Structures are given as structure tokens and as C-alpha cells.
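Contents: one structure, followed by commentary.
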Amino acid sequence: MGHSTRLLPFTLAASFVLFAVLAAAYMFYVQPKQTERETMAADIEEEEQQIAHLRVERTELQEQRDSHTSSSTPLQRELPVVSLTDQFLLDINMSEEIAGVRVMNLSMESSAPVYEVLGGGITTDSGADGDVPDPAEANIVEEETDDTDTRDPEDGDSDEPLEEGSVTKEEERDFVDGEWRGAEYDGMYKQTATMDVRVDTYDHLIRFLAELDQMTRIMNIETIYFTKDEDADSDTEDRMIIDGEDLLDFQVVVSSYYYPALADLKEEAPRADYPIYEDRDQPFLD
């Protein structure tokens, strides 16, 4: 009994020292490791959240880009952001083949500004209906107008009545420079093709103009001139032109438009693919 009593203080002291050692080991070794592990787990969770957020943003941006591309390309078929001169010429060639006409000569002018036309509206007999006339019936100017019947239908001295559908020539005047121009369309430009077109019937000319007017790309038939045959002599220049038998020469001026202000969309323009020929220059691939 006395021996056990003497060992009790040593046992208590050893237990206290062991507890202190264990507590110190936990505080200075185990606890820091647990704290570091919890910190790393929190960092990993935060990184995973950021990765998930970035993936969502990337998906949204890709969807926006796909949606933007799918809407921009069809619109650029009507009004591209680059000139697409090759496709403009292909459209003219297609219209030429379909209508059965021949373009004898063609010259191009590009990078011209576009202006609003003041008082340039075309009215028809339909009046308020606002119908758009056939392109072949608009902007036609004849170079030779000496034989135009200008008789007054109310003139009682005339022995022969005017035929139905006769046209009286109105007084013409030239526009003062810039008189017809309104405000310039900011950022929009046009390229103009001036063509010498040869046809054998008026119907072929009308079909050619209609094909140009119906193209997906926005075009404007600006003027149509009837050109005199340069080979005509004094004996033949006044004879009647027979539709379907005589060749008729016209000068047609048509423009297409583009909008380079949105040049960042040029990669989405509807470009055509051409075969590569090593021994030939490819002007439309530059």
C-alpha cells in the first residue's frame, strides 16, 4: 500500500508529461497539416468553380459567335462588307447567259460614295398603290430623239390624229452639279459596271434587266442608253428598226453596294471558291 502511494506522484507526472507531449505534437504538427489540407481543399474547390464558370462563358461566347456567323453571312449576300467584285461580275455573266444577250464591253468603277437621291422617286399610273415599275421601263434615255412626235393633241390644224400611245417630248434640262444629291450614306460605297449590251429583241433586254434586278445582292440599274449604230450610213440611219431582225446596242449602267465600315466581319463574307492554277494570277484571292 505504501509502495503504491509512493508511485502515484510519478505516475501522475508521467501522465502529464505524456499528455503535454501529445498536445504539443498535435498543435505543432497535426493541426498545421489539417489546416493546410483544408486550405488546399478550399482552393481546389474555388479553382473548380472558376473552371466551370469559364467553361460556361466559353460556351456562351461560342453560341454567340455561331449565331452571329449564321446571321451575318446571309445578310452579306445582300450587302457585303467587302466589294466582292468577282461575284458582282459572276452575277452579270449569269444574267447575260439567262437573258440571251451579249455584253460587248464592260468597264468598272469602284469605291464611289453613295448619296441619297432628292426627288428621285419614280411614280406610275397606279398612283397611291406605290407599285414599283419594271426596271426596263425606268431611266431609259434615247440619244436620237429628232423623230419624236411633239404635236399638240388639241391642235385643230392637224390633219391626222395622234396615234394611241403617242408620246410628247417634255422639255429637258441638265441637273446642276450636286442638285440631285442628298446626304451621303456614311460608310457605304458602290462599284459601278458600265456595259455595252447587244440584243436582237427588246424582250431580251428586258429579261436581262429583270435578272439583274432579281439578284440576291442589292443592285441598282442607274441608266439605260440606246446607242446609235456607228456603222450606219446616211441611207440606213433613218430606216425603221425591226425587232427580232436588227441588232440593238444599249449602254447599261448598274451598281452594287458594300459596307466596309464593318470590316471586322469580312471573314464571314460569302466568298466563292476557285481552283488554284500555279501558272495564272488569281486577282480575287489576294
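Within each chain, counting starts at residue 1; across the C-alpha cells, chains are named A, B, ... in the order shown, with ligands numbered 1 upward in that order.
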For the interface of segment 46-125 of chain A with segment 183-187 of chain A (cut-off 12 Å, counting only C-alpha atoms), please tabulate each contacting residue of segment 46-125 of chain A alongside its nearest pair of atoms and their separation in Å to one decimal, rows sorted by chain and increasing number, as CSV.
```
residue,atom,partner,partner_atom,distance
A:Val81,CA,A:Gly187,CA,9.9
A:Val82,CA,A:Gly187,CA,11.6
A:Ser111,CA,A:Gly187,CA,10.8
A:Ala112,CA,A:Glu184,CA,10.9
A:Pro113,CA,A:Glu184,CA,7.1
A:Val114,CA,A:Tyr185,CA,5.7
A:Tyr115,CA,A:Glu184,CA,4.3
A:Glu116,CA,A:Ala183,CA,5.5
A:Val117,CA,A:Ala183,CA,8.4
A:Leu118,CA,A:Ala183,CA,9.1
```
Distance query segment 265-276 of chain A at most 7 Å, only C-alpha atoms, self and fewer than 6 positions along chain excluded, as a count of residues only: 8
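A straight line drawn from atom CA of Leu90 of chain A to atom CA of Asp264 of chain A is 24.9 Å long.
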Interatomic distance (Å, one decimal) between atom CA of Gln50 of chain A and atom CA of Pro32 of chain A: 26.7 Å
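You will find atom CA of Asp249 of chain A at 28.0 Å from atom CA of Leu84 of chain A.
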So that each row is one residue of segment 200-220 of chain A with an atom at most 8 Å from segment 91-100 of chain A, can you give its shortest atom pair and the distance in Å to one decimal, using only C-alpha atoms, rows by chain and rising number, as a Markdown table?
```
| residue | atom | partner | partner_atom | distance |
| --- | --- | --- | --- | --- |
| A:His204 | CA | A:Ala99 | CA | 5.5 |
| A:Leu205 | CA | A:Ala99 | CA | 7.3 |
| A:Arg207 | CA | A:Ala99 | CA | 5.3 |
| A:Phe208 | CA | A:Ala99 | CA | 4.9 |
| A:Glu211 | CA | A:Ser95 | CA | 5.4 |
| A:Leu212 | CA | A:Ser95 | CA | 6.2 |
| A:Met215 | CA | A:Asp91 | CA | 7.4 |
```
Could the residues in this selection be saved with N, CA and C atoms as an mmCIF file, in the first residue's frame?
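Written out: out28.cif:
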```
data_model
loop_
_atom_site.group_PDB
_atom_site.id
_atom_site.type_symbol
_atom_site.label_atom_id
_atom_site.label_comp_id
_atom_site.auth_asym_id
_atom_site.auth_seq_id
_atom_site.Cartn_x
_atom_site.Cartn_y
_atom_site.Cartn_z
ATOM 1 N N HIS A 204 -35.304 40.497 -124.855
ATOM 2 C CA HIS A 204 -34.053 40.021 -124.255
ATOM 3 C C HIS A 204 -33.446 41.086 -123.349
ATOM 4 N N LEU A 205 -33.538 42.337 -123.751
ATOM 5 C CA LEU A 205 -33.037 43.409 -122.903
ATOM 6 C C LEU A 205 -33.832 43.471 -121.603
ATOM 7 N N ARG A 207 -35.456 41.093 -120.175
ATOM 8 C CA ARG A 207 -35.123 39.916 -119.365
ATOM 9 C C ARG A 207 -33.777 40.114 -118.669
ATOM 10 N N PHE A 208 -32.820 40.697 -119.368
ATOM 11 C CA PHE A 208 -31.507 40.957 -118.776
ATOM 12 C C PHE A 208 -31.627 41.896 -117.580
ATOM 13 N N GLU A 211 -33.313 40.116 -114.644
ATOM 14 C CA GLU A 211 -32.417 39.182 -113.955
ATOM 15 C C GLU A 211 -31.476 39.935 -113.028
ATOM 16 N N LEU A 212 -30.951 41.063 -113.459
ATOM 17 C CA LEU A 212 -30.091 41.871 -112.592
ATOM 18 C C LEU A 212 -30.861 42.368 -111.383
ATOM 19 N N MET A 215 -31.454 39.714 -108.506
ATOM 20 C CA MET A 215 -30.327 39.092 -107.823
ATOM 21 C C MET A 215 -30.450 39.270 -106.305
#
```
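Nearest residue to Asp196 of chain A, choosing from A:Tyr258, A:Phe250, A:Tyr225, A:Phe28 and counting only C-alpha atoms: A:Phe250.
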Mind checking which residues fall within 9 Å of Gln191 of chain A, counting only C-alpha atoms, ignoring those fewer than 5 positions away in the same chain, and posting them as a CSV table (one decimal) with C-alpha atoms, in the first residue's frame?
```csv
chain,number,residue,atom,x,y,z
A,83,SER,CA,-16.7,44.7,-102.5
A,85,THR,CA,-16.2,42.3,-107.3
A,108,MET,CA,-15.6,49.0,-113.7
A,109,GLU,CA,-15.5,51.9,-111.3
A,110,SER,CA,-15.2,51.2,-107.6
A,111,SER,CA,-15.0,53.0,-104.2
A,112,ALA,CA,-17.5,55.6,-105.1
A,254,VAL,CA,-25.6,49.1,-112.9
A,255,SER,CA,-24.2,49.4,-109.4
A,256,SER,CA,-23.8,47.1,-106.4
A,257,TYR,CA,-23.1,48.2,-102.9
A,258,TYR,CA,-20.9,47.3,-99.9
```
